[in-house]
Amino acid sequence: MTRRTMQRIRRVMVALALAGGVAVPASLHASALPPDAPPIGMICTPGTVAGSTHTFNLVAKSGTIDTPDGNSVFMWSYANADAPDNGHFQSPGPVLCATQGQTVVVHLSNTLPEATSIVFPGQDATVTATGGTPGLLTTEVATSGTVTYTFVAGQPGTYLYESGSDVVKQVEMGLTGALVIRPALGADYAYDTGTRFDPAREYLLLLSDIDPDLHHAVEVGATYDVNTLRNRYFAINGREFPDTIQDNGSALLPNQPYGSLVRIQPNTATNARPALVRMINVGAVNHPFHPHGNHTRQIAQDGRLIASTEHFGETIGSGQTEDYLLRWDDQDNWDPATNPLPVAQPNYRNLFFKDGNTWYAGSPYLGSKGTLPVGTTSQNLCGEWYFPLHSHALNEFTNFDQGFGGMGTLLRVDPPGGCFGSPTSTGLIGATLKSGAVTALGLADGTYYQVNPKTTTRPTATTAAQTSITVASAAGFPTSGPYFVRVDNEILQVTAGQGTTTWTVARGQLGTTAAGHVTGSTLTALATDWYGAFGGVPAGSQNLKVLYKGRNCGVTTTATCPVLPSNLPQQTVKVCNWTIAGAAGCSNATSAGWTTLPAPPAQPQAVGSTDVSSTWTLPGPADAYIGTGSYKGQIRVLVHTQRFTPTAPVAFSTWGDLMKIVYDAP
């Protein structure tokens, strides 16, 4: 009987048990992670800190992990005994982070059927233990017992911790984890001042290998000859590719909380620090590990600084740790408009997409997307680049001998500043188009998207004393709240009847004098409202930023932009919050869903005939601003500009030069 057949039988048995009302244990939550854990990058288990003492509570226990080929493997591991995890099984063990000079206390409880322990290789301070009984390498704890290990964190660096009991068996079974000692210099240094890195780009790659036959023998209590060890699964952070690139805390992998996708951006003057990649090999064999598309710079081995050297690939030995700094310098800066590639690139008709699935954007340019064949599934979100990071021993780049899989992950290079987008359409909800198209908002190039204020006419003459007037149409004017319109040299304020063709008005406003007006007189709004709509933004994106650059001009007719010397229009940029009344919440200029973007810069802003460029960062998750259903993936940004201040303001036109969003796609 094959292992795959056994797996199918096991799942059928679970289904029958559920159908028959038999209780089947379920996970308490999706993963053993702090509630604010980021989706990508290394995650430290909090523990508790009191003064200079950092305490962790671990429990050794058994559980299972899932593999991408539909199998599951029985494992042993360490779990975080503290809330909210409360001993939820995870593989590998929690990442323990402490600061140089702290006293580290680790309480280990044991639920396994045999004695176990922890050793902390590489620590220059003595590790003392209380409770338990002496073992060959360290103090051990029997089933249902507890032992406490204590040491002072000395040299900063990347270390492993693992079982010191029946090492060949228990380490293979999964009793391993990462220990990170941060220097007293600061959490954004790996070791000394020469190893400063971007703390938002700190990654851990913990390599391990699994012989499922040994694990099955331990599960059923059978004997196993370790000399026959044959590893079939090769993991990074307890997962095999393609599971390795799932987010931290993926609900698909409830017992394997740590992803290993490495994600960076090209280094710039404002993004000069490299990423830090910590590597640990807890397996029994050495692994030649290789990044595609770039070199890494090794700075340390086994928690000790070494002469910094550049590496195309490196073999990491069993039980070894290595630290690398990783930069991405876009030396050529190829750009389809300003710096195109010197040779024509093959189009999608001349490319082969294996299994109709690709990470390629359809364009070789970073941050650009192109055409893909109909039916091809694209894993690319915004023109980012992907490169494999994997074991160069090809038998390890498999799941039970089936490639691609195993000890592999991806290096993702996002466009500078993150994923970005330009509007794919516009909406005029309180304006008329003067000139230009949505494409004018894609580049800050002096080509403008120009809108004029909305106008309507009076069907009859108007007397100087009249406070109720009719208009030919109210389309495009606000449906609520007071607003101002200009007719000839007089400003009127609409105070009631908004959204209808009969308005109640206050006469002679903003420093003007009430007067009579002839039949057919034109009423012009003193405000413009339009929005740009962005499509294809994936749910789960984070760190959303909105940029708008534009000006206001003193006339509504000519192609030039006369100077506005005073009484500048006041401009407010808003974003659609789809959770407020759905699409209806952003259907017109005064809908409740339009949310003013938060300072800085403060709004409204005075904007005249000189371009003003502003960037706003939205607080919290971006999901509220990303549409769903028929508006799936859409973000709307509204530009509201009004001239409601005296004296005698005249109509103006609004010119947009650039509108852009930047975000971290999942």
# chains A, B, ... in the order shown; residues from 1 in each chain; ligands from 1

$ select_by_dssp --residues "range 347-551 of chain A" --states "strand (DSSP E)" --output "number ranges by chain"
A: 357-358, 377-378, 385-391, 408-413, 419-421, 425-435, 449-453, 455-457, 468-470, 483-487, 490-496, 502-506, 522-525, 527-534, 542-551

$ residues_around --residues "Gly436 in chain A" --least-positions-apart "3" --cutoff "7 Å" --atoms "only C-alpha atoms" --output "ChimeraX atom specification"
/A:440,448-450

$ residues_around --residues "range 213-225 of chain A" --least-positions-apart "3" --cutoff "8 Å" --atoms "only C-alpha atoms" --output "ChimeraX atom specification"
/A:73-75,173,210,228-229

$ write_last_selection --atoms "C-alpha atoms" --output "short mmCIF file (atom, residue, chain, number, x, y, z; two decimals), in the first residue's frame"
data_model
loop_
_atom_site.label_atom_id
_atom_site.label_comp_id
_atom_site.auth_asym_id
_atom_site.auth_seq_id
_atom_site.Cartn_x
_atom_site.Cartn_y
_atom_site.Cartn_z
CA VAL A 73 4.28 13.72 8.96
CA PHE A 74 4.31 12.95 12.67
CA MET A 75 6.69 15.34 14.46
CA MET A 173 11.98 14.32 14.98
CA ILE A 210 12.81 14.55 7.29
CA THR A 228 19.09 3.44 6.93
CA LEU A 229 18.11 7.13 7.14
#

$ residues_around --residues "range 260-270 of chain A" --least-positions-apart "3" --cutoff "6 Å" --atoms "only C-alpha atoms" --output "list in words"
Thr244, Ile245, Trp328, Asp329, Asp330, Thr409, Leu410, Leu411, Arg412, Val413, Asp414 and Pro416 of chain A

$ write_last_selection --atoms "N, CA, C and O atoms" --output "PDB file, in the first residue's frame"
ATOM      1  N   THR A 244       6.417  27.172   1.425  1.00  0.00           N
ATOM      2  CA  THR A 244       7.367  28.092   2.046  1.00  0.00           C
ATOM      3  C   THR A 244       7.034  29.548   1.775  1.00  0.00           C
ATOM      4  O   THR A 244       7.407  30.427   2.564  1.00  0.00           O
ATOM      5  N   ILE A 245       6.366  29.824   0.655  1.00  0.00           N
ATOM      6  CA  ILE A 245       6.106  31.223   0.303  1.00  0.00           C
ATOM      7  C   ILE A 245       4.750  31.704   0.791  1.00  0.00           C
ATOM      8  O   ILE A 245       4.380  32.858   0.549  1.00  0.00           O
ATOM      9  N   TRP A 328      19.788  44.947  -3.067  1.00  0.00           N
ATOM     10  CA  TRP A 328      19.432  44.876  -4.483  1.00  0.00           C
ATOM     11  C   TRP A 328      19.669  46.246  -5.083  1.00  0.00           C
ATOM     12  O   TRP A 328      18.930  47.193  -4.822  1.00  0.00           O
ATOM     13  N   ASP A 329      20.745  46.369  -5.840  1.00  0.00           N
ATOM     14  CA  ASP A 329      21.078  47.632  -6.490  1.00  0.00           C
ATOM     15  C   ASP A 329      20.712  47.528  -7.965  1.00  0.00           C
ATOM     16  O   ASP A 329      21.301  46.739  -8.717  1.00  0.00           O
ATOM     17  N   ASP A 330      19.725  48.289  -8.370  1.00  0.00           N
ATOM     18  CA  ASP A 330      19.253  48.262  -9.752  1.00  0.00           C
ATOM     19  C   ASP A 330      20.190  49.135 -10.588  1.00  0.00           C
ATOM     20  O   ASP A 330      19.934  50.311 -10.836  1.00  0.00           O
ATOM     21  N   THR A 409      12.613  28.433  -1.651  1.00  0.00           N
ATOM     22  CA  THR A 409      11.703  29.554  -1.427  1.00  0.00           C
ATOM     23  C   THR A 409      11.971  30.558  -2.535  1.00  0.00           C
ATOM     24  O   THR A 409      12.614  30.228  -3.535  1.00  0.00           O
ATOM     25  N   LEU A 410      11.461  31.768  -2.405  1.00  0.00           N
ATOM     26  CA  LEU A 410      11.641  32.777  -3.431  1.00  0.00           C
ATOM     27  C   LEU A 410      12.199  34.058  -2.844  1.00  0.00           C
ATOM     28  O   LEU A 410      11.915  34.406  -1.689  1.00  0.00           O
ATOM     29  N   LEU A 411      12.981  34.757  -3.639  1.00  0.00           N
ATOM     30  CA  LEU A 411      13.374  36.138  -3.377  1.00  0.00           C
ATOM     31  C   LEU A 411      12.481  37.017  -4.231  1.00  0.00           C
ATOM     32  O   LEU A 411      12.454  36.887  -5.453  1.00  0.00           O
ATOM     33  N   ARG A 412      11.723  37.870  -3.585  1.00  0.00           N
ATOM     34  CA  ARG A 412      10.800  38.777  -4.284  1.00  0.00           C
ATOM     35  C   ARG A 412      11.373  40.181  -4.249  1.00  0.00           C
ATOM     36  O   ARG A 412      11.651  40.723  -3.176  1.00  0.00           O
ATOM     37  N   VAL A 413      11.550  40.786  -5.417  1.00  0.00           N
ATOM     38  CA  VAL A 413      12.046  42.158  -5.525  1.00  0.00           C
ATOM     39  C   VAL A 413      10.884  43.039  -5.961  1.00  0.00           C
ATOM     40  O   VAL A 413      10.394  42.938  -7.093  1.00  0.00           O
ATOM     41  N   ASP A 414      10.419  43.890  -5.058  1.00  0.00           N
ATOM     42  CA  ASP A 414       9.328  44.810  -5.369  1.00  0.00           C
ATOM     43  C   ASP A 414       9.874  46.067  -6.035  1.00  0.00           C
ATOM     44  O   ASP A 414      11.052  46.418  -5.864  1.00  0.00           O
ATOM     45  N   PRO A 416      10.769  49.998  -6.489  1.00  0.00           N
ATOM     46  CA  PRO A 416      11.202  50.944  -5.451  1.00  0.00           C
ATOM     47  C   PRO A 416      10.009  51.633  -4.797  1.00  0.00           C
ATOM     48  O   PRO A 416       9.118  52.135  -5.482  1.00  0.00           O
TER      49      PRO A 416
END

$ residues_around --residues "range 124-126 of chain A" --least-positions-apart "6" --cutoff "8 Å" --atoms "only C-alpha atoms" --output "NGL selection string"
:A and (151-155)

$ closest_residue --among "A:Leu33, A:Ala533, A:Ala98, A:Leu492" --to "Thr48 in chain A" --atoms "only C-alpha atoms"
A:Ala98

$ closest_residue --among "A:Thr358, A:Gln642, A:Asn80, A:Thr558" --to "Tyr386 in chain A" --atoms "only C-alpha atoms"
A:Thr358

$ closest_residue --among "A:Pro565, A:Pro364, A:Thr560, A:Gly408" --to "Val343 in chain A" --atoms "only C-alpha atoms"
A:Pro364

$ select_by_dssp --residues "range 140-338 of chain A" --states "helix (DSSP H, G or I)" --output "mmCIF file with C-alpha atoms, in the first residue's frame"
data_model
loop_
_atom_site.group_PDB
_atom_site.id
_atom_site.type_symbol
_atom_site.label_atom_id
_atom_site.label_comp_id
_atom_site.auth_asym_id
_atom_site.auth_seq_id
_atom_site.Cartn_x
_atom_site.Cartn_y
_atom_site.Cartn_z
ATOM 1 C CA VAL A 167 20.186 13.641 19.554
ATOM 2 C CA VAL A 168 20.122 11.536 16.380
ATOM 3 C CA LYS A 169 16.475 10.660 16.956
ATOM 4 C CA GLN A 170 15.039 13.738 18.687
ATOM 5 C CA VAL A 171 16.604 16.385 16.472
ATOM 6 C CA GLU A 172 15.441 14.454 13.411
ATOM 7 C CA MET A 173 11.979 14.325 14.976
ATOM 8 C CA THR A 193 28.160 49.188 13.480
ATOM 9 C CA GLY A 194 29.165 47.680 10.151
ATOM 10 C CA THR A 195 26.220 45.263 10.183
ATOM 11 C CA PRO A 212 9.044 9.974 7.120
ATOM 12 C CA ASP A 213 9.799 6.277 7.751
ATOM 13 C CA LEU A 214 11.685 7.118 10.948
ATOM 14 C CA HIS A 215 8.893 9.460 12.015
ATOM 15 C CA HIS A 216 6.269 6.787 11.351
ATOM 16 C CA ALA A 217 8.279 4.268 13.369
ATOM 17 C CA VAL A 218 8.373 6.675 16.335
ATOM 18 C CA GLU A 219 4.641 7.345 15.949
ATOM 19 C CA VAL A 220 3.708 3.634 16.177
ATOM 20 C CA VAL A 226 19.175 5.233 11.850
ATOM 21 C CA ASN A 227 21.866 3.902 9.512
ATOM 22 C CA THR A 228 19.091 3.443 6.929
ATOM 23 C CA ASP A 243 4.217 26.180 1.105
ATOM 24 C CA THR A 244 7.367 28.092 2.046
ATOM 25 C CA ILE A 245 6.106 31.223 0.303
#

$ closest_residue --among "A:Leu381, A:Ser591, A:Ala525, A:Thr371" --to "Asp664 in chain A" --atoms "only C-alpha atoms"
A:Leu381

$ closest_residue --among "A:Ala184, A:Cys419, A:Val471, A:Ala178" --to "Ser368 in chain A" --atoms "only C-alpha atoms"
A:Cys419

$ atom_distance --atom1 "CA of Glu240 in chain A" --atom2 "CA of Phe89 in chain A"
17.9 Å

$ residues_around --residues "Val637 in chain A" --least-positions-apart "5" --cutoff "9 Å" --atoms "only C-alpha atoms" --output "list in words"
Trp530, Tyr531, Gly532, Ala533, Phe534, Val546, Val573, Lys574, Val575, Cys576, Trp594 and Met659 of chain A

$ closest_residue --among "A:Asn339, A:Thr146, A:Asn399, A:Gln100" --to "Asp69 in chain A" --atoms "only C-alpha atoms"
A:Asn399

$ residues_around --residues "Pro274 in chain A" --least-positions-apart "3" --cutoff "6 Å" --atoms "only C-alpha atoms" --output "ChimeraX atom specification"
/A:197-198,325-327

$ atom_distance --atom1 "CA of Thr519 in chain A" --atom2 "CA of Arg507 in chain A"
17.4 Å

$ atom_distance --atom1 "CA of Ala559 in chain A" --atom2 "CA of Thr528 in chain A"
18.0 Å
